[in-house]
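A.B. asks: This is the structure I want to talk about, given as structure tokens.
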Amino acid sequence: MPGVQTLTPLLLDHVNAGRLTLERFVDLTAHGPQRIFGLATKGRIAVGWDADFTLVDLKAQRTIENKWIASRCGWTPYDGVKVTGWPVATIIRGRFVMEHDALHGVARGEPLRFLETLG
């Protein structure tokens with residue numbers, strides 16, 4: 001089931017509706033995965049950590065549409081859902097990879113480091 005592109009807008013909509021705090025949103029999308037998987041240099045903004053984060057407009061109102069889904073399937077179960085809150089830029093390892101709905105080049109994955117392997 002596709003969902004990476006719609007995760008942030010849907011959770012921000014819950015933040016705006018008062019069903020989720022902004023702090024819990026950050027925990028669910030950054031700190032939590034870092035803790036669960038034991039990822040090194042992920043999950044926070046600090047010196048020596050990767051600069052991975054998303055800038056959002058908490059008041060932007062948009063409608064999720066199939067036409068902008070980039071996954072191979074090309075659809076989302078949330079087609080037509082109106083949300084308040086939208087990502088405006090994504091920075092990975094200090095480099096902009098998305099800004100105002102436009103991708104900057106091809107986002108290439110890099111190996112992750114795990115806390116248990118650091119010595």
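Going through the structure tokens in order, the chains are called A, B, and so on, while each chain numbers its residues from 1 and the ligands are numbered from 1 in the order shown.
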Within chain A, find each residue whose DSSP state, derived from the backbone, is alpha helix (DSSP H), and express the selection as a PyMOL selection string.
C.D. replies: chain A and resi 4-16+22-26+32-37
A.B. asks: Extract the full set of strand (DSSP E or B) residues from chain A according to DSSP on the backbone, and format it as a VMD selection string.
C.D. replies: chain A and resid 39 53 to 63 82 to 92 95 to 99 102 to 103 114
A.B. asks: Quick one: everything within 10 Å of stretch 70-81 of chain A, counting only C-alpha atoms, minus sequence neighbours fewer than 5 positions away in the same chain. Send it as a list in words.
C.D. replies: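 That gives Met1, Pro2, Gly3, Val4, Gln5, Thr6, Leu10, Arg62, Thr63, Ile64 and Glu65 of chain A.
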A.B. asks: Which residues come within 12 Å of A:Ile36, counting only C-alpha atoms, excluding same-chain residues fewer than 5 positions away, as a PyMOL selection string?
C.D. replies: chain A and resi 27-31+42-43+114-115
A.B. asks: Store the residues picked out above in a file with N, CA, C and O atoms, as a PDB file, in the first residue's frame.
C.D. replies:
```
ATOM      1  N   ASP A  27       8.008  12.775  17.349  1.00  0.00           N
ATOM      2  CA  ASP A  27       8.434  11.496  17.912  1.00  0.00           C
ATOM      3  C   ASP A  27       8.088  10.343  16.969  1.00  0.00           C
ATOM      4  O   ASP A  27       8.909   9.455  16.755  1.00  0.00           O
ATOM      5  N   LEU A  28       6.899  10.357  16.418  1.00  0.00           N
ATOM      6  CA  LEU A  28       6.484   9.272  15.524  1.00  0.00           C
ATOM      7  C   LEU A  28       7.297   9.209  14.238  1.00  0.00           C
ATOM      8  O   LEU A  28       7.542   8.134  13.701  1.00  0.00           O
ATOM      9  N   THR A  29       7.732  10.359  13.741  1.00  0.00           N
ATOM     10  CA  THR A  29       8.390  10.385  12.438  1.00  0.00           C
ATOM     11  C   THR A  29       9.904  10.499  12.500  1.00  0.00           C
ATOM     12  O   THR A  29      10.571  10.257  11.498  1.00  0.00           O
ATOM     13  N   ALA A  30      10.476  10.846  13.653  1.00  0.00           N
ATOM     14  CA  ALA A  30      11.930  11.030  13.742  1.00  0.00           C
ATOM     15  C   ALA A  30      12.541  10.261  14.910  1.00  0.00           C
ATOM     16  O   ALA A  30      13.304   9.333  14.706  1.00  0.00           O
ATOM     17  N   HIS A  31      12.187  10.652  16.109  1.00  0.00           N
ATOM     18  CA  HIS A  31      12.805  10.020  17.284  1.00  0.00           C
ATOM     19  C   HIS A  31      12.424   8.552  17.429  1.00  0.00           C
ATOM     20  O   HIS A  31      13.270   7.718  17.746  1.00  0.00           O
ATOM     21  N   LYS A  42      20.684   9.747  13.425  1.00  0.00           N
ATOM     22  CA  LYS A  42      19.361  10.036  12.865  1.00  0.00           C
ATOM     23  C   LYS A  42      18.417  10.425  13.996  1.00  0.00           C
ATOM     24  O   LYS A  42      18.619  10.081  15.148  1.00  0.00           O
ATOM     25  N   GLY A  43      17.349  11.139  13.654  1.00  0.00           N
ATOM     26  CA  GLY A  43      16.267  11.374  14.602  1.00  0.00           C
ATOM     27  C   GLY A  43      16.326  12.645  15.411  1.00  0.00           C
ATOM     28  O   GLY A  43      15.428  12.903  16.207  1.00  0.00           O
ATOM     29  N   PHE A 114      24.104   1.696  12.358  1.00  0.00           N
ATOM     30  CA  PHE A 114      23.347   1.315  13.537  1.00  0.00           C
ATOM     31  C   PHE A 114      24.210   1.465  14.770  1.00  0.00           C
ATOM     32  O   PHE A 114      25.420   1.220  14.740  1.00  0.00           O
ATOM     33  N   LEU A 115      23.584   1.880  15.866  1.00  0.00           N
ATOM     34  CA  LEU A 115      24.311   2.126  17.107  1.00  0.00           C
ATOM     35  C   LEU A 115      25.129   0.921  17.553  1.00  0.00           C
ATOM     36  O   LEU A 115      26.259   1.062  18.027  1.00  0.00           O
TER      37      LEU A 115
END
```
A.B. asks: Hey, what's within 10 Å of stretch 15-19 of chain A if we count only C-alpha atoms and toss same-chain stuff fewer than 2 positions away? As a list in words, please?
C.D. replies: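 Those residues are Pro9, Leu10, Leu11, Leu12, Asp13, Thr21, Leu22, Glu23, Arg24, Phe25, Leu58, Lys59, Val83, Thr84 and Gly85 of chain A.
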A.B. asks: How many Å separate atom CA of A:Val26 from atom CA of A:Lys82?
C.D. replies: 21.6 Å
A.B. asks: Could you check how far atom CA of A:Met98 sits from atom CA of A:Leu55, in Å to one decimal?
C.D. replies: 10.0 Å
A.B. asks: Within 9 Å of A:Phe53, counting only C-alpha atoms, which residues qualify if same-chain residues fewer than 4 places away don't, as an NGL selection string?
C.D. replies: :A and (30 or 43-45 or 89-94)
A.B. asks: Kindly save the residues from that selection, with N, CA and C atoms included, as an mmCIF file, in the first residue's frame.
C.D. replies:
```cif
data_model
loop_
_atom_site.group_PDB
_atom_site.id
_atom_site.type_symbol
_atom_site.label_atom_id
_atom_site.label_comp_id
_atom_site.auth_asym_id
_atom_site.auth_seq_id
_atom_site.Cartn_x
_atom_site.Cartn_y
_atom_site.Cartn_z
ATOM 1 N N ALA A 30 10.476 10.846 13.653
ATOM 2 C CA ALA A 30 11.930 11.030 13.742
ATOM 3 C C ALA A 30 12.541 10.261 14.910
ATOM 4 N N GLY A 43 17.349 11.139 13.654
ATOM 5 C CA GLY A 43 16.267 11.374 14.602
ATOM 6 C C GLY A 43 16.326 12.645 15.411
ATOM 7 N N ARG A 44 17.352 13.461 15.228
ATOM 8 C CA ARG A 44 17.402 14.739 15.936
ATOM 9 C C ARG A 44 18.281 15.712 15.169
ATOM 10 N N ILE A 45 18.142 16.979 15.499
ATOM 11 C CA ILE A 45 18.981 18.007 14.898
ATOM 12 C C ILE A 45 20.015 18.383 15.948
ATOM 13 N N ALA A 89 9.564 21.468 2.112
ATOM 14 C CA ALA A 89 10.939 21.142 1.720
ATOM 15 C C ALA A 89 11.414 19.959 2.564
ATOM 16 N N THR A 90 12.246 19.120 1.940
ATOM 17 C CA THR A 90 12.870 18.007 2.651
ATOM 18 C C THR A 90 14.366 18.091 2.439
ATOM 19 N N ILE A 91 15.097 18.001 3.537
ATOM 20 C CA ILE A 91 16.548 18.065 3.522
ATOM 21 C C ILE A 91 17.070 16.727 4.028
ATOM 22 N N ILE A 92 17.945 16.086 3.265
ATOM 23 C CA ILE A 92 18.545 14.817 3.672
ATOM 24 C C ILE A 92 20.057 14.997 3.648
ATOM 25 N N ARG A 93 20.672 14.705 4.783
ATOM 26 C CA ARG A 93 22.118 14.888 4.956
ATOM 27 C C ARG A 93 22.565 16.294 4.542
ATOM 28 N N GLY A 94 21.719 17.268 4.882
ATOM 29 C CA GLY A 94 22.054 18.664 4.623
ATOM 30 C C GLY A 94 21.797 19.158 3.218
#
```
A.B. asks: Provide the atom CA of A:Asp50 to atom CA of A:Thr117 distance in Å, to one decimal place.
C.D. replies: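 Between atom CA of A:Asp50 and atom CA of A:Thr117 the gap is 17.0 Å.
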